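To start, the structure under review is shown below, and the notes come after it.
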Amino acid sequence: MSSKKRGGSRQPELFPRSKCPTIPIADNHRLVVMADEIDWTEFEELIQSIRMSKLKNAAGRPPQLRALGGALALRATRKMTYRDTEDQIRYHAPSRYLCGLTETQSWSPDANTIQDFEQLMGEDGVRQINEYLVKWAVDEKLADPSLMVADTTAQEAAIPYPNEVGHMAAFLNAVVAASSKTGRALVGFVNGLGDRVKAAKQKVRAHRLFAETVNAKKKLTKELAAIVEGINTELGQGLEAARAQGERLKKHGKVAWNKLNALHGTMSKLLPQIRYWLRTGKVATGKIINIHIPELYSIVRGKAGKAVEFGLKWGFARLRGGFILATLARGKGDMPDSHFALQAIDQHIALFGMPPRSYAYDRGGYSQDNIKKLKEKGVKEVGLAPRGKAKWAVGNKVKEKLVNERAQVEGSIGTVKSGRYGFNRPPARSAEMMGVCGQRSVLGLNLNKMIRGLAARRDVVLVG
């Protein structure tokens, strides 16, 4: 067997191959056109205003808003992880051009910096950026605010199917992981945790593998709930004792402390709901469906194959031309169709200064009272799809136009939920970041539509 060193070529090169290639960037690359069309002065001013509204003061090193704004646009237009985004900006020439970094090799944003920036912007900050983009589209005559259609949809969370035993098992795993990082603050609680966690995990295993009847499963669930309640009670006592003693934590210890407080509060609410289900066989009102993101809720959709979705509810408004605006519901009962049919018009007036002339919504928003209120708000052609044998409030010609536009909002929602934008099941660990991911997906659709429209107007064929 040859002992020749592997790697490279068997025919050595006279000159070493360069690791700093020089290549031209195509003028019609999608990211290049995007970078050339965006007014970065206005864009940076908008980002800075959002940033300053969330900070206590401007102390610290000035951020690279041009690069971070480009990173946000890049992640919006093509779904990728933070690590992939870091790699793209560092080594992909059009991405560096979009971030304004082609003239430097000394710095590019890393994954943590990009994530911190998006977290700072928040759902409301990315929504403001999206509104700025839609206004830009209206100025360019690519969107027409005189016609609008609206609808609601669900953003599914990346969580397992909720069940009582799964909740309690997740609680135990999270408590064990977090309490080990608090040092001496919870040493007494941690020392007495091992045997009870072991017993609880045996109950979980028996429930999943060996319980064959409903009664056997309920018995194990009750026994597991008793163990978890005891652990949660002692966790609360340990947190109170450590707080009274003024224990000081640093870095990961603070994160673990906050996590344990959140877990204790969530499980204190969840245990009565579990016992209610064991006692009555019914789901309690406001049932917690995930121990880590308790803000999530179930959304009954009534669709074939997917009667219920677990996540957050959103409202979408689509202008003629395909540009969309998204609104996140603040709770399960915050955005029923009958209310969002009016709320969408109020938001449209706040953004553009006047109501749309034509407006369409499905039958979920229909009522004679809603039709009257919409007309009072200034909508001339109210196209709420009627229920039963009720008649449309518009003529047949207008009805056909609005029905056609109404069907296209479903296509826009489906596009946002596709794998390219990643609206559904985003890799987020909090409801706040799910909101950011949702608004970023909408921003990506609008950005791509804007660049395609501007390129078509200039007879430019986009690549990339």
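Identifiers in this document derive from the order of the structure tokens: chains are assigned A, B, ..., residues are numbered from 1 separately in each chain, and ligands are numbered from 1 in order of occurrence.
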Report as a list in words all protein, DNA and RNA residues lying within 12 Å of Arg196 of chain A, evaluated on only C-alpha atoms, omitting residues in the same chain fewer than 3 positions from it.
Leu172, Val176, Phe189, Val190, Asn191, Gly192, Leu193, Ala199, Ala200, Lys201, Gln202, Lys203, Glu223, Leu224, Ala225, Ala226, Ile227, Val228, Glu229, Gly230, Ile231, Asn232 and Glu234 of chain A
Kindly save the residues from that selection, with N, CA and C atoms included, as a CSV table (one decimal), in the first residue's frame.
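The result, stored in out_39.csv:
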```csv
chain,number,residue,atom,x,y,z
A,172,LEU,N,-39.8,18.2,33.7
A,172,LEU,CA,-38.7,17.6,34.5
A,172,LEU,C,-37.4,17.7,33.8
A,176,VAL,N,-34.2,19.9,35.5
A,176,VAL,CA,-32.9,19.3,35.8
A,176,VAL,C,-31.8,20.1,35.1
A,189,PHE,N,-32.3,22.3,46.8
A,189,PHE,CA,-33.3,21.7,45.9
A,189,PHE,C,-32.7,20.7,45.0
A,190,VAL,N,-31.5,21.0,44.4
A,190,VAL,CA,-30.9,20.0,43.5
A,190,VAL,C,-30.5,18.7,44.2
A,191,ASN,N,-30.0,18.8,45.4
A,191,ASN,CA,-29.6,17.6,46.1
A,191,ASN,C,-30.8,16.6,46.3
A,192,GLY,N,-32.0,17.1,46.5
A,192,GLY,CA,-33.1,16.2,46.7
A,192,GLY,C,-33.9,15.9,45.5
A,193,LEU,N,-33.3,16.2,44.3
A,193,LEU,CA,-34.1,16.1,43.1
A,193,LEU,C,-34.0,14.7,42.4
A,199,ALA,N,-38.0,8.5,39.6
A,199,ALA,CA,-39.3,7.8,39.8
A,199,ALA,C,-40.3,8.4,38.8
A,200,ALA,N,-40.2,9.7,38.5
A,200,ALA,CA,-41.1,10.3,37.6
A,200,ALA,C,-40.8,9.8,36.1
A,201,LYS,N,-39.6,9.6,35.8
A,201,LYS,CA,-39.2,9.1,34.5
A,201,LYS,C,-39.7,7.7,34.3
A,202,GLN,N,-39.7,6.9,35.4
A,202,GLN,CA,-40.2,5.5,35.3
A,202,GLN,C,-41.7,5.5,35.0
A,203,LYS,N,-42.4,6.5,35.6
A,203,LYS,CA,-43.8,6.6,35.3
A,203,LYS,C,-44.1,7.0,33.9
A,223,GLU,N,-50.4,9.6,39.2
A,223,GLU,CA,-49.2,9.4,40.0
A,223,GLU,C,-48.1,10.4,39.6
A,224,LEU,N,-47.9,10.5,38.3
A,224,LEU,CA,-46.9,11.4,37.8
A,224,LEU,C,-47.2,12.9,38.1
A,225,ALA,N,-48.5,13.3,38.1
A,225,ALA,CA,-48.8,14.6,38.4
A,225,ALA,C,-48.5,14.9,39.9
A,226,ALA,N,-48.7,13.9,40.8
A,226,ALA,CA,-48.4,14.1,42.2
A,226,ALA,C,-46.9,14.3,42.4
A,227,ILE,N,-46.1,13.6,41.7
A,227,ILE,CA,-44.6,13.7,41.8
A,227,ILE,C,-44.2,15.1,41.3
A,228,VAL,N,-44.7,15.5,40.2
A,228,VAL,CA,-44.4,16.8,39.6
A,228,VAL,C,-44.9,17.9,40.4
A,229,GLU,N,-46.0,17.8,41.1
A,229,GLU,CA,-46.5,18.8,41.9
A,229,GLU,C,-45.6,19.0,43.1
A,230,GLY,N,-45.1,17.9,43.7
A,230,GLY,CA,-44.1,18.1,44.8
A,230,GLY,C,-42.9,18.7,44.4
A,231,ILE,N,-42.3,18.4,43.2
A,231,ILE,CA,-41.1,19.0,42.7
A,231,ILE,C,-41.3,20.5,42.4
A,232,ASN,N,-42.5,20.8,41.9
A,232,ASN,CA,-42.8,22.2,41.5
A,232,ASN,C,-42.9,23.0,42.8
A,234,GLU,N,-41.5,22.5,45.8
A,234,GLU,CA,-40.2,22.7,46.3
A,234,GLU,C,-39.3,23.6,45.5
```
Tell me, as a PyMOL selection string, which residues lie within 12 Å of segment 404-419 of chain A, counting only C-alpha atoms; anything in the same chain fewer than 5 positions away does not count.
chain A and resi 76-80+147-156+314-326+358-363+383-385+397-399+424-426+437-446+448-449
Who sits within 7 Å of Gly364 of chain A, only C-alpha atoms, same chain under 2 positions skipped, as a tab-separated table (two decimals) with N, CA and C atoms, in the first residue's frame:
```tsv
chain	number	residue	atom	x	y	z
A	337	ASP	N	-62.80	36.60	13.05
A	337	ASP	CA	-63.01	37.13	11.70
A	337	ASP	C	-63.93	38.34	11.69
A	338	SER	N	-64.97	38.31	12.53
A	338	SER	CA	-65.93	39.41	12.54
A	338	SER	C	-65.28	40.72	12.97
A	362	ASP	N	-64.03	36.99	3.53
A	362	ASP	CA	-64.87	35.79	3.40
A	362	ASP	C	-66.08	35.87	4.33
A	366	TYR	N	-68.88	38.34	7.68
A	366	TYR	CA	-70.15	38.90	7.20
A	366	TYR	C	-71.13	39.18	8.33
```
Looking only at helix (DSSP H, G or I) from DSSP on the backbone, list the matching residues of segment 293-356 of chain A as a VMD selection string.
chain A and resid 337 to 352
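Comparing the minimum interatomic distances between Trp392 of chain A and each of A:Ile299, A:Gln237, A:Ser18, A:Ser367, counting only C-alpha atoms, we find that A:Ser367 sits nearest.
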Polymer residues at most 10 Å from Gln119 of chain A, only C-alpha atoms, same-chain spacing of 5 or more positions, as a VMD selection string:
chain A and resid 113 to 114 125 to 126 432 to 433 436
Now that the selection is made, can you save its residues with C-alpha atoms as a short mmCIF file (atom, residue, chain, number, x, y, z; two decimals), in the first residue's frame?
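Once written, part.cif looks like this:
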```
data_model
loop_
_atom_site.label_atom_id
_atom_site.label_comp_id
_atom_site.auth_asym_id
_atom_site.auth_seq_id
_atom_site.Cartn_x
_atom_site.Cartn_y
_atom_site.Cartn_z
CA THR A 113 -24.90 39.49 16.19
CA ILE A 114 -27.59 38.85 13.55
CA GLY A 125 -39.99 46.57 14.40
CA VAL A 126 -40.00 44.18 11.44
CA GLU A 432 -41.87 36.90 20.49
CA MET A 433 -39.41 35.33 18.04
CA VAL A 436 -40.35 38.13 14.25
#
```
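Interatomic distance, atom CA of Gly246 of chain A to atom CA of Arg184 of chain A: 11.9 Å.
One finds atom CA of Val300 of chain A at 24.4 Å from atom CA of Met168 of chain A.
In this structure, atom CA of Asp369 of chain A sits 25.6 Å away from atom CA of Gly302 of chain A.
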Sel. of strand (DSSP E or B) residues, segment 239-421 of chain A, as an MDAnalysis selection string:
chainID A and resid 297:303 306:320 324:328 358:361 381:384
